[in-house]
file target17.cif (mmCIF, C-alpha atoms)
data_protein
#
loop_
_atom_site.label_atom_id
_atom_site.label_comp_id
_atom_site.auth_asym_id
_atom_site.auth_seq_id
_atom_site.Cartn_x
_atom_site.Cartn_y
_atom_site.Cartn_z
CA MET A 9 187.64 18.27 -68.14
CA PRO A 10 187.27 15.71 -65.35
CA LEU A 11 190.38 13.77 -64.42
CA ARG A 12 190.40 10.15 -65.35
CA ASP A 13 189.68 7.94 -62.35
CA PRO A 14 192.81 5.78 -62.05
CA SER A 15 190.76 2.95 -60.50
CA ARG A 16 188.83 2.69 -63.77
CA VAL A 17 191.86 2.36 -66.03
CA VAL A 18 191.74 -1.02 -67.75
CA PRO A 19 195.18 -2.62 -67.89
CA VAL A 20 196.33 -3.46 -71.41
CA ALA A 21 198.28 -6.68 -71.90
CA PHE A 22 201.84 -5.97 -72.96
CA VAL A 23 202.76 -7.92 -76.09
CA PRO A 24 206.44 -7.85 -76.94
CA ALA A 25 207.02 -6.47 -80.43
CA ASP A 26 208.84 -9.68 -81.39
CA ARG A 27 205.56 -11.59 -80.98
CA HIS A 28 204.27 -9.76 -84.03
CA LEU A 29 207.40 -10.64 -85.94
CA LEU A 30 206.98 -14.28 -84.97
CA ARG A 31 203.46 -14.16 -86.39
CA ALA A 32 204.93 -13.14 -89.74
CA LYS A 33 207.60 -15.84 -89.52
CA ASP A 34 204.95 -18.46 -88.72
CA LEU A 35 202.97 -17.31 -91.75
CA ALA A 36 206.00 -17.88 -93.97
CA ASP A 37 206.54 -21.35 -92.46
CA ALA A 38 202.89 -22.37 -92.68
CA ARG A 39 201.66 -20.86 -95.96
CA TYR A 40 204.84 -20.68 -98.08
CA PHE A 41 203.05 -22.56 -100.86
CA GLU A 42 200.71 -19.59 -101.44
CA SER A 43 201.72 -16.50 -103.42
CA LEU A 44 202.98 -14.76 -100.29
CA ASP A 45 205.40 -11.85 -100.46
CA VAL A 46 207.14 -9.59 -97.94
CA ASP A 47 204.20 -7.15 -98.04
CA ASP A 48 201.91 -9.95 -96.81
CA LEU A 49 204.33 -10.78 -94.00
CA ALA A 50 204.60 -7.10 -93.02
CA ARG A 51 200.79 -6.92 -92.91
CA ALA A 52 200.69 -9.97 -90.63
CA ALA A 53 203.13 -8.20 -88.30
CA GLY A 54 201.13 -4.97 -88.45
CA LEU A 55 204.16 -2.95 -89.55
CA SER A 56 205.18 -0.87 -92.54
CA ARG A 57 207.26 -2.82 -95.02
CA ALA A 58 210.50 -0.92 -94.31
CA HIS A 59 210.11 -1.08 -90.54
CA PHE A 60 209.13 -4.76 -90.71
CA SER A 61 212.17 -5.70 -92.79
CA ARG A 62 214.53 -3.95 -90.37
CA GLU A 63 212.90 -5.48 -87.29
CA PHE A 64 212.69 -8.98 -88.82
CA ARG A 65 216.40 -8.92 -89.64
CA ARG A 66 217.19 -7.69 -86.13
CA ALA A 67 215.11 -10.45 -84.52
CA PHE A 68 215.91 -13.40 -86.78
CA GLY A 69 219.23 -12.56 -88.37
CA GLU A 70 218.09 -12.44 -92.00
CA SER A 71 215.73 -10.42 -94.15
CA PRO A 72 212.13 -11.62 -94.48
CA HIS A 73 212.66 -12.04 -98.22
CA ALA A 74 215.63 -14.35 -97.60
CA TYR A 75 213.72 -16.27 -94.91
CA LEU A 76 210.71 -16.86 -97.15
CA LEU A 77 212.86 -17.85 -100.12
CA THR A 78 215.00 -20.28 -98.14
CA ARG A 79 211.86 -21.83 -96.65
CA ARG A 80 210.57 -22.42 -100.16
CA LEU A 81 213.91 -23.81 -101.36
CA GLU A 82 214.16 -26.13 -98.34
CA ARG A 83 210.66 -27.48 -99.03
CA ALA A 84 211.47 -27.79 -102.74
CA ALA A 85 214.58 -29.83 -101.91
CA ALA A 86 212.45 -32.11 -99.70
CA LEU A 87 209.92 -32.60 -102.50
CA LEU A 88 212.71 -33.40 -104.96
CA ARG A 89 213.96 -36.10 -102.59
CA THR A 90 210.64 -37.58 -101.53
CA THR A 91 208.38 -37.32 -104.59
CA ASP A 92 208.57 -38.07 -108.30
CA ARG A 93 206.99 -34.76 -109.32
CA SER A 94 208.51 -32.76 -112.14
CA VAL A 95 210.86 -29.87 -111.29
CA ALA A 96 208.26 -27.42 -112.63
CA ASP A 97 205.59 -28.97 -110.43
CA VAL A 98 207.88 -28.71 -107.39
CA CYS A 99 208.60 -25.05 -108.19
CA PHE A 100 204.92 -24.14 -108.27
CA SER A 101 204.11 -26.36 -105.28
CA VAL A 102 206.28 -24.20 -103.02
CA GLY A 103 204.67 -20.93 -104.07
CA LEU A 104 207.21 -19.76 -106.65
CA GLN A 105 206.01 -18.33 -109.94
CA SER A 106 209.04 -18.55 -112.25
CA LEU A 107 210.79 -21.79 -113.12
CA GLY A 108 213.86 -19.91 -114.32
CA SER A 109 214.24 -17.90 -111.11
CA PHE A 110 213.63 -21.03 -109.05
CA THR A 111 216.38 -22.92 -110.88
CA THR A 112 218.82 -20.03 -110.47
CA SER A 113 218.07 -19.59 -106.74
CA PHE A 114 218.16 -23.34 -106.11
CA THR A 115 221.51 -23.77 -107.88
CA ARG A 116 222.99 -20.81 -106.00
CA THR A 117 221.82 -22.26 -102.67
CA PHE A 118 222.52 -25.97 -103.12
CA GLY A 119 225.41 -25.79 -105.59
CA VAL A 120 223.65 -27.92 -108.24
CA PRO A 121 220.46 -27.50 -110.33
CA PRO A 122 217.27 -29.21 -109.10
CA THR A 123 217.55 -32.21 -111.42
CA ALA A 124 221.17 -32.86 -110.43
CA TYR A 125 220.25 -32.46 -106.77
CA ARG A 126 217.54 -35.10 -107.13
CA ALA A 127 219.99 -37.45 -108.85
CA LYS A 128 222.28 -37.34 -105.82
CA PHE A 129 219.70 -39.23 -103.75
CA PRO A 130 218.09 -42.64 -104.11
CA PRO A 131 214.80 -42.64 -106.07
CA ALA A 132 211.86 -41.28 -104.09
CA SER A 133 210.25 -44.71 -104.21
CA ASP A 134 213.17 -46.02 -102.10
CA TRP A 135 212.33 -43.50 -99.39
CA ALA A 136 208.61 -44.24 -99.47
CA ARG A 137 207.85 -46.62 -96.63
CA VAL A 138 205.44 -48.69 -98.64
CA PRO A 139 204.68 -51.64 -96.36
CA THR A 140 205.07 -55.25 -97.49
CA CYS A 141 201.29 -55.83 -97.16
CA VAL A 142 200.78 -53.22 -99.90
CA VAL A 143 203.55 -54.70 -102.08
CA ARG A 144 201.96 -58.15 -101.73
CA ALA A 145 198.42 -56.90 -102.42
CA TYR A 146 199.16 -54.54 -105.30
CA GLY A 147 202.00 -56.55 -106.79
CA ARG A 148 199.98 -59.69 -107.38
CA PRO A 149 200.07 -60.56 -111.05
CA GLN A 150 196.66 -60.70 -112.66
CA ARG A 151 195.90 -63.80 -114.72
CA SER A 152 192.60 -64.39 -116.48
CA THR A 153 192.84 -68.19 -116.31
CA PHE A 154 194.72 -70.75 -114.30
CA ARG A 155 195.56 -74.26 -115.43
CA GLU A 156 193.62 -75.78 -112.48
CA ASP A 157 190.36 -74.33 -113.87
CA ASN A 158 190.89 -76.19 -117.16
CA GLY A 159 191.56 -79.36 -115.12
CA ALA A 160 188.08 -79.15 -113.54
CA ALA A 161 186.45 -78.81 -116.98
CA ARG A 162 188.32 -81.86 -118.26
CA SER A 163 187.36 -84.27 -115.42
CA MET B 30 210.93 -47.52 -78.13
CA ILE B 31 207.78 -47.90 -80.22
CA LYS B 32 206.32 -44.64 -81.51
CA LEU B 33 203.28 -43.64 -83.51
CA SER B 34 204.38 -42.90 -87.07
CA THR B 35 201.66 -43.05 -89.68
CA ALA B 36 197.89 -43.44 -89.84
CA GLN B 37 196.05 -44.56 -92.99
CA LEU B 38 192.90 -43.07 -94.49
CA TRP B 39 191.00 -44.25 -97.54
CA VAL B 40 190.18 -41.46 -99.99
CA HIS B 41 188.03 -41.41 -103.12
CA ASP B 42 190.47 -39.28 -105.12
CA GLN B 43 194.08 -38.73 -104.13
CA ASP B 44 194.47 -35.45 -106.05
CA GLU B 45 191.33 -34.05 -104.44
CA ALA B 46 192.54 -35.25 -101.03
CA LEU B 47 196.01 -33.75 -101.60
CA GLU B 48 194.48 -30.36 -102.39
CA PHE B 49 192.31 -30.54 -99.26
CA TYR B 50 195.01 -31.67 -96.83
CA THR B 51 197.63 -29.20 -98.06
CA THR B 52 195.95 -25.95 -99.15
CA LYS B 53 192.96 -26.18 -96.76
CA LEU B 54 194.34 -28.00 -93.71
CA GLY B 55 197.87 -26.69 -94.11
CA MET B 56 199.67 -30.03 -94.12
CA GLU B 57 202.73 -30.66 -96.24
CA VAL B 58 203.58 -33.55 -98.52
CA ARG B 59 205.92 -36.09 -96.99
CA SER B 60 206.01 -38.57 -99.85
CA ASP B 61 204.38 -38.82 -103.28
CA VAL B 62 205.53 -41.62 -105.53
CA THR B 63 203.75 -43.69 -108.15
CA MET B 64 205.00 -47.25 -108.54
CA PRO B 65 204.58 -48.84 -111.97
CA GLU B 66 205.63 -52.24 -110.64
CA LEU B 67 202.60 -52.16 -108.32
CA GLY B 68 200.07 -51.27 -111.00
CA ASN B 69 200.74 -47.53 -110.58
CA PHE B 70 199.93 -47.61 -106.88
CA ARG B 71 200.50 -44.11 -105.51
CA TRP B 72 202.07 -43.77 -102.05
CA LEU B 73 200.93 -40.34 -100.90
CA THR B 74 201.59 -39.13 -97.36
CA VAL B 75 201.01 -35.75 -95.72
CA GLY B 76 201.71 -34.41 -92.25
CA PRO B 77 201.63 -31.30 -90.05
CA PRO B 78 204.70 -29.08 -90.59
CA SER B 79 205.24 -28.93 -86.82
CA GLN B 80 205.34 -32.76 -86.52
CA PRO B 81 207.80 -34.07 -89.11
CA GLU B 82 207.79 -37.56 -87.56
CA ILE B 83 204.04 -38.09 -87.99
CA SER B 84 202.14 -38.51 -91.24
CA ILE B 85 198.84 -39.68 -92.75
CA VAL B 86 198.89 -41.95 -95.79
CA LEU B 87 196.05 -41.09 -98.19
CA MET B 88 195.28 -44.33 -99.94
CA ALA B 89 193.01 -44.67 -102.96
CA ILE B 90 190.24 -47.22 -102.43
CA PRO B 91 191.35 -50.15 -104.59
CA GLY B 92 189.28 -52.45 -106.73
CA PRO B 93 189.88 -56.02 -107.84
CA PRO B 94 192.07 -57.91 -107.35
CA VAL B 95 193.28 -56.02 -104.24
CA MET B 96 189.77 -55.52 -102.95
CA ASP B 97 186.68 -57.26 -104.35
CA ALA B 98 183.86 -55.05 -105.58
CA GLU B 99 181.57 -55.82 -102.65
CA THR B 100 184.24 -54.83 -100.12
CA THR B 101 185.01 -51.66 -102.07
CA ASP B 102 181.33 -50.71 -101.80
CA GLN B 103 181.36 -51.47 -98.08
CA VAL B 104 184.39 -49.23 -97.53
CA LYS B 105 182.79 -46.40 -99.51
CA SER B 106 179.54 -46.80 -97.59
CA LEU B 107 181.29 -46.68 -94.20
CA MET B 108 183.18 -43.56 -95.25
CA ALA B 109 180.05 -41.85 -96.55
CA LYS B 110 178.31 -42.49 -93.24
CA GLY B 111 181.32 -41.10 -91.33
CA PHE B 112 182.16 -44.43 -89.69
CA ALA B 113 185.45 -45.21 -91.36
CA GLY B 114 187.50 -43.79 -88.51
CA THR B 115 188.36 -40.45 -86.98
CA VAL B 116 191.58 -38.45 -86.77
CA PHE B 117 191.96 -36.08 -83.84
CA PHE B 118 193.76 -32.74 -84.15
CA THR B 119 194.54 -30.32 -81.37
CA THR B 120 195.19 -26.59 -81.65
CA ASP B 121 195.99 -23.72 -79.35
CA ASP B 122 193.40 -21.51 -81.08
CA VAL B 123 190.28 -23.46 -82.07
CA TYR B 124 188.13 -20.39 -82.76
CA GLY B 125 190.78 -18.80 -84.97
CA ASP B 126 191.46 -22.03 -86.82
CA TYR B 127 187.73 -22.68 -87.20
CA GLU B 128 187.28 -19.33 -88.97
CA ALA B 129 190.40 -19.78 -91.07
CA LEU B 130 189.52 -23.34 -92.18
CA LYS B 131 185.91 -22.36 -92.88
CA SER B 132 187.08 -19.46 -95.05
CA ARG B 133 189.13 -21.97 -97.06
CA GLY B 134 186.06 -24.12 -97.65
CA VAL B 135 186.37 -26.79 -94.95
CA ASP B 136 182.96 -28.26 -94.21
CA PHE B 137 182.40 -28.21 -90.44
CA SER B 138 179.71 -30.51 -89.10
CA GLU B 139 180.16 -29.04 -85.61
CA ALA B 140 181.17 -25.50 -84.75
CA PRO B 141 183.44 -25.10 -81.68
CA GLU B 142 181.58 -26.13 -78.54
CA GLU B 143 182.56 -25.98 -74.88
CA ARG B 144 183.26 -29.38 -73.36
CA PRO B 145 184.71 -30.37 -69.97
CA TYR B 146 188.08 -31.08 -71.60
CA GLY B 147 188.20 -27.97 -73.78
CA VAL B 148 186.56 -26.63 -76.93
CA ASP B 149 185.77 -29.21 -79.58
CA SER B 150 184.71 -29.02 -83.24
CA GLY B 151 184.29 -31.49 -86.08
CA PHE B 152 184.59 -31.60 -89.86
CA HIS B 153 184.89 -34.04 -92.75
CA ASP B 154 187.26 -34.31 -95.64
CA PRO B 155 185.89 -34.59 -99.22
CA SER B 156 185.76 -38.39 -98.88
CA GLY B 157 183.75 -38.30 -95.64
CA ASN B 158 186.56 -39.12 -93.20
CA SER B 159 185.84 -37.60 -89.80
CA PHE B 160 188.08 -35.16 -87.96
CA ARG B 161 188.01 -33.49 -84.58
CA LEU B 162 189.72 -30.15 -83.97
CA THR B 163 190.08 -29.49 -80.24
CA GLN B 164 191.64 -26.87 -78.05
CA VAL B 165 192.37 -28.87 -74.93
CA ARG B 166 191.88 -27.20 -71.60
CA GLU B 167 194.93 -27.40 -69.35
CA LEU B 168 194.12 -29.11 -66.08
CA SER B 169 195.20 -27.26 -62.98
CA GLY B 170 197.49 -29.18 -60.66
CA VAL B 171 195.96 -31.20 -57.83
#
call {"tool": "encode", "arguments": {"input": "target17.cif", "output": "structure tokens"}}
result
Amino acid sequence: MPLRDPSRVVPVAFVPADRHLLRAKDLADARYFESLDVDDLARAAGLSRAHFSREFRRAFGESPHAYLLTRRLERAAALLRTTDRSVADVCFSVGLQSLGSFTTSFTRTFGVPPTAYRAKFPPASDWARVPTCVVRAYGRPQRSTFREDNGAARS
Amino acid sequence: MIKLSTAQLWVHDQDEALEFYTTKLGMEVRSDVTMPELGNFRWLTVGPPSQPEISIVLMAIPGPPVMDAETTDQVKSLMAKGFAGTVFFTTDDVYGDYEALKSRGVDFSEAPEERPYGVDSGFHDPSGNSFRLTQVRELSGV
């Protein structure tokens, strides 16, 4: 068998293993609202589930399951503060399937249930930076007749 | 210091737009409130997860008395022709994002094309608003 000509060896770019883990983390941050699970993240990293979980915890300090869940809970808390959507709607908007599990996880993380958490903040409409031009345009009362029109008919 | 905060786009249907901007373009909701005191005006804003300080307000095209019928038609016509305004996105992987967005049903009018400044592509949202998606070429130092 002929020896391989070293001058014809094509160098392969070295990609640190953590780059693959970051790809999985980015997937959790970007697509949390889809029905992602740890298996999907492991696939994005190109690792077996068990190996991925160990390596993710080593690199980022928490399990991929915990990271994905806390991302969803953080986004759910933001939606509770900044929108007037129902708690159920918020739950499904962040990619969670069970309202009961969401409520339990949320309460454990934030110390209060979702509805009580929302009540601790001003109404979402207070946060919304609706400009005065919109308030003036959309807040104009609608009247079918004005007294001045009747004045023109009388004269 | 004055900073860019929010840009406004007219949309035909806010629910349709919300679906497009979040599940297809990957933006997140910043604000979504309906205000009964303003005739149920809905303030709906979205933005890229990586830029929490920037958002786009998706505003339903109003009718009378906010906007007279003729003006409403003019706005819709401009949007349909793609002249209502353009929002520019950049990415560090235009070919990858092009394939990913296409697979999610985004309608590209222009596939990625080499330009002096980088690789540029274009698409529209369901209402006809124009978008550019560009991977900008880094200029070497002079």
call {"tool": "resolve_selection", "arguments": {"input": "target17.cif", "expression": "the PyMOL selection byres ((chain B) within 10 of (chain A))", "output": "ChimeraX atom specification"}}
result
/B:35,51-52,55-74,77-79,86,91,93-96
call {"tool": "residues_around", "arguments": {"input": "target17.cif", "residues": "A:Val95", "least_positions_apart": "4", "cutoff": "8 Å", "atoms": "all atoms listed in the file", "output": "ChimeraX atom specification"}}
result
/A:88,99,122-123
call {"tool": "write_last_selection", "arguments": {"input": "target17.cif", "atoms": "C-alpha atoms", "output": "compact mmCIF listing (two decimals), keeping the file's coordinate frame"}}
result
# COMPACT_ATOMS: atom_id res chain seq x y z
CA LEU A 88 212.71 -33.40 -104.96
CA CYS A 99 208.60 -25.05 -108.19
CA PRO A 122 217.27 -29.21 -109.10
CA THR A 123 217.55 -32.21 -111.42
call {"tool": "resolve_selection", "arguments": {"input": "target17.cif", "expression": "the PyMOL selection byres ((chain B and resi 36) around 8)", "output": "CSV table (one decimal) with C-alpha atoms, in the frame of the given file"}}
result
chain,number,residue,atom,x,y,z
B,34,SER,CA,204.4,-42.9,-87.1
B,35,THR,CA,201.7,-43.0,-89.7
B,37,GLN,CA,196.0,-44.6,-93.0
B,38,LEU,CA,192.9,-43.1,-94.5
B,84,SER,CA,202.1,-38.5,-91.2
B,85,ILE,CA,198.8,-39.7,-92.8
B,86,VAL,CA,198.9,-42.0,-95.8
call {"tool": "atom_distance", "arguments": {"input": "target17.cif", "atom1": "atom CA of B:Phe160", "atom2": "atom CA of B:Glu99"}}
result
26.2 Å
call {"tool": "residues_around", "arguments": {"input": "target17.cif", "residues": "A:Glu70", "least_positions_apart": "6", "cutoff": "12 Å", "atoms": "all atoms listed in the file", "output": "tab-separated table (two decimals) with C-alpha atoms, in the frame of the given file"}}
result
chain	number	residue	atom	x	y	z
A	33	LYS	CA	207.60	-15.84	-89.52
A	60	PHE	CA	209.13	-4.76	-90.71
A	61	SER	CA	212.17	-5.70	-92.79
A	62	ARG	CA	214.53	-3.95	-90.37
A	63	GLU	CA	212.90	-5.48	-87.29
A	64	PHE	CA	212.69	-8.98	-88.82
A	76	LEU	CA	210.71	-16.86	-97.15
A	77	LEU	CA	212.86	-17.85	-100.12
A	78	THR	CA	215.00	-20.28	-98.14
call {"tool": "atom_distance", "arguments": {"input": "target17.cif", "atom1": "atom CA of B:Lys53", "atom2": "atom CA of B:Asp154"}}
result
10.0 Å
call {"tool": "resolve_selection", "arguments": {"input": "target17.cif", "expression": "the PyMOL selection byres ((chain B and resi 141-149) around 12)", "output": "PDB file with C-alpha atoms, in the coordinates of the input"}}
result
ATOM      1  CA  PHE B 117     191.960 -36.080 -83.840  1.00  0.00           C
ATOM      2  CA  PHE B 118     193.760 -32.740 -84.150  1.00  0.00           C
ATOM      3  CA  THR B 119     194.540 -30.320 -81.370  1.00  0.00           C
ATOM      4  CA  THR B 120     195.190 -26.590 -81.650  1.00  0.00           C
ATOM      5  CA  ASP B 121     195.990 -23.720 -79.350  1.00  0.00           C
ATOM      6  CA  ASP B 122     193.400 -21.510 -81.080  1.00  0.00           C
ATOM      7  CA  VAL B 123     190.280 -23.460 -82.070  1.00  0.00           C
ATOM      8  CA  TYR B 124     188.130 -20.390 -82.760  1.00  0.00           C
ATOM      9  CA  GLY B 125     190.780 -18.800 -84.970  1.00  0.00           C
ATOM     10  CA  ASP B 126     191.460 -22.030 -86.820  1.00  0.00           C
ATOM     11  CA  TYR B 127     187.730 -22.680 -87.200  1.00  0.00           C
ATOM     12  CA  GLU B 128     187.280 -19.330 -88.970  1.00  0.00           C
ATOM     13  CA  LYS B 131     185.910 -22.360 -92.880  1.00  0.00           C
ATOM     14  CA  PHE B 137     182.400 -28.210 -90.440  1.00  0.00           C
ATOM     15  CA  SER B 138     179.710 -30.510 -89.100  1.00  0.00           C
ATOM     16  CA  GLU B 139     180.160 -29.040 -85.610  1.00  0.00           C
ATOM     17  CA  ALA B 140     181.170 -25.500 -84.750  1.00  0.00           C
ATOM     18  CA  SER B 150     184.710 -29.020 -83.240  1.00  0.00           C
ATOM     19  CA  GLY B 151     184.290 -31.490 -86.080  1.00  0.00           C
ATOM     20  CA  PHE B 152     184.590 -31.600 -89.860  1.00  0.00           C
ATOM     21  CA  PHE B 160     188.080 -35.160 -87.960  1.00  0.00           C
ATOM     22  CA  ARG B 161     188.010 -33.490 -84.580  1.00  0.00           C
ATOM     23  CA  LEU B 162     189.720 -30.150 -83.970  1.00  0.00           C
ATOM     24  CA  THR B 163     190.080 -29.490 -80.240  1.00  0.00           C
ATOM     25  CA  GLN B 164     191.640 -26.870 -78.050  1.00  0.00           C
ATOM     26  CA  VAL B 165     192.370 -28.870 -74.930  1.00  0.00           C
ATOM     27  CA  ARG B 166     191.880 -27.200 -71.600  1.00  0.00           C
ATOM     28  CA  GLU B 167     194.930 -27.400 -69.350  1.00  0.00           C
ATOM     29  CA  LEU B 168     194.120 -29.110 -66.080  1.00  0.00           C
ATOM     30  CA  SER B 169     195.200 -27.260 -62.980  1.00  0.00           C
TER      31      SER B 169
END
call {"tool": "atom_distance", "arguments": {"input": "target17.cif", "atom1": "atom CA of A:Leu29", "atom2": "atom CA of A:Ala53"}}
result
5.5 Å
call {"tool": "closest_residue", "arguments": {"input": "target17.cif", "among": "B:Ala89, B:Leu54, B:Thr100, B:Thr115", "to": "B:Trp39", "atoms": "only C-alpha atoms"}}
result
B:Ala89
call {"tool": "closest_residue", "arguments": {"input": "target17.cif", "among": "A:Leu35, A:Ala58, A:Arg27, A:Pro121", "to": "A:Ser71", "atoms": "all atoms listed in the file"}}
result
A:Ala58
call {"tool": "residues_around", "arguments": {"input": "target17.cif", "residues": "B:Asp42", "least_positions_apart": "2", "cutoff": "10 Å", "atoms": "all atoms listed in the file", "output": "ChimeraX atom specification"}}
result
/B:39-40,44-47,87-90,155-156
call {"tool": "write_last_selection", "arguments": {"input": "target17.cif", "atoms": "C-alpha atoms", "output": "mmCIF file, in the coordinates of the input"}}
result
data_model
loop_
_atom_site.group_PDB
_atom_site.id
_atom_site.type_symbol
_atom_site.label_atom_id
_atom_site.label_comp_id
_atom_site.auth_asym_id
_atom_site.auth_seq_id
_atom_site.Cartn_x
_atom_site.Cartn_y
_atom_site.Cartn_z
ATOM 1 C CA TRP B 39 191.000 -44.250 -97.540
ATOM 2 C CA VAL B 40 190.180 -41.460 -99.990
ATOM 3 C CA ASP B 44 194.470 -35.450 -106.050
ATOM 4 C CA GLU B 45 191.330 -34.050 -104.440
ATOM 5 C CA ALA B 46 192.540 -35.250 -101.030
ATOM 6 C CA LEU B 47 196.010 -33.750 -101.600
ATOM 7 C CA LEU B 87 196.050 -41.090 -98.190
ATOM 8 C CA MET B 88 195.280 -44.330 -99.940
ATOM 9 C CA ALA B 89 193.010 -44.670 -102.960
ATOM 10 C CA ILE B 90 190.240 -47.220 -102.430
ATOM 11 C CA PRO B 155 185.890 -34.590 -99.220
ATOM 12 C CA SER B 156 185.760 -38.390 -98.880
#
call {"tool": "build_atoms", "arguments": {"input": "target17.cif", "residues": "stretch 70-89 of chain B", "atoms": "N, CA and C atoms", "output": "mmCIF file, in the frame of the given file"}}
result
data_model
loop_
_atom_site.group_PDB
_atom_site.id
_atom_site.type_symbol
_atom_site.label_atom_id
_atom_site.label_comp_id
_atom_site.auth_asym_id
_atom_site.auth_seq_id
_atom_site.Cartn_x
_atom_site.Cartn_y
_atom_site.Cartn_z
ATOM 1 N N PHE B 70 200.346 -47.964 -108.243
ATOM 2 C CA PHE B 70 199.930 -47.610 -106.880
ATOM 3 C C PHE B 70 200.659 -46.336 -106.480
ATOM 4 N N ARG B 71 199.917 -45.391 -105.905
ATOM 5 C CA ARG B 71 200.500 -44.110 -105.510
ATOM 6 C C ARG B 71 200.583 -44.028 -103.993
ATOM 7 N N TRP B 72 201.820 -43.921 -103.495
ATOM 8 C CA TRP B 72 202.070 -43.770 -102.050
ATOM 9 C C TRP B 72 202.124 -42.287 -101.763
ATOM 10 N N LEU B 73 201.065 -41.768 -101.133
ATOM 11 C CA LEU B 73 200.930 -40.340 -100.900
ATOM 12 C C LEU B 73 200.758 -40.097 -99.403
ATOM 13 N N THR B 74 201.703 -39.404 -98.790
ATOM 14 C CA THR B 74 201.590 -39.130 -97.360
ATOM 15 C C THR B 74 201.720 -37.632 -97.118
ATOM 16 N N VAL B 75 200.986 -37.154 -96.114
ATOM 17 C CA VAL B 75 201.010 -35.750 -95.720
ATOM 18 C C VAL B 75 201.165 -35.685 -94.205
ATOM 19 N N GLY B 76 201.564 -34.531 -93.692
ATOM 20 C CA GLY B 76 201.710 -34.410 -92.250
ATOM 21 C C GLY B 76 201.779 -32.952 -91.835
ATOM 22 N N PRO B 77 201.558 -32.681 -90.534
ATOM 23 C CA PRO B 77 201.630 -31.300 -90.050
ATOM 24 C C PRO B 77 203.088 -30.818 -90.071
ATOM 25 N N PRO B 78 203.327 -29.593 -90.539
ATOM 26 C CA PRO B 78 204.700 -29.080 -90.590
ATOM 27 C C PRO B 78 205.404 -29.122 -89.228
ATOM 28 N N SER B 79 204.618 -28.966 -88.147
ATOM 29 C CA SER B 79 205.240 -28.930 -86.820
ATOM 30 C C SER B 79 205.542 -30.320 -86.276
ATOM 31 N N GLN B 80 205.113 -31.383 -86.990
ATOM 32 C CA GLN B 80 205.340 -32.760 -86.520
ATOM 33 C C GLN B 80 205.944 -33.598 -87.644
ATOM 34 N N PRO B 81 207.190 -33.384 -87.954
ATOM 35 C CA PRO B 81 207.800 -34.070 -89.110
ATOM 36 C C PRO B 81 207.838 -35.590 -88.963
ATOM 37 N N GLU B 82 207.694 -36.110 -87.736
ATOM 38 C CA GLU B 82 207.790 -37.560 -87.560
ATOM 39 C C GLU B 82 206.455 -38.271 -87.709
ATOM 40 N N ILE B 83 205.375 -37.498 -87.900
ATOM 41 C CA ILE B 83 204.040 -38.090 -87.990
ATOM 42 C C ILE B 83 203.439 -37.785 -89.354
ATOM 43 N N SER B 84 202.772 -38.772 -89.949
ATOM 44 C CA SER B 84 202.140 -38.510 -91.240
ATOM 45 C C SER B 84 200.856 -39.320 -91.380
ATOM 46 N N ILE B 85 200.060 -38.949 -92.379
ATOM 47 C CA ILE B 85 198.840 -39.680 -92.750
ATOM 48 C C ILE B 85 199.030 -40.168 -94.172
ATOM 49 N N VAL B 86 198.808 -41.448 -94.421
ATOM 50 C CA VAL B 86 198.890 -41.950 -95.790
ATOM 51 C C VAL B 86 197.482 -41.924 -96.389
ATOM 52 N N LEU B 87 197.339 -41.236 -97.501
ATOM 53 C CA LEU B 87 196.050 -41.090 -98.190
ATOM 54 C C LEU B 87 196.007 -42.131 -99.295
ATOM 55 N N MET B 88 195.246 -43.193 -99.050
ATOM 56 C CA MET B 88 195.280 -44.330 -99.940
ATOM 57 C C MET B 88 194.006 -44.407 -100.770
ATOM 58 N N ALA B 89 194.171 -44.534 -102.081
ATOM 59 C CA ALA B 89 193.010 -44.670 -102.960
ATOM 60 C C ALA B 89 192.311 -46.000 -102.682
#
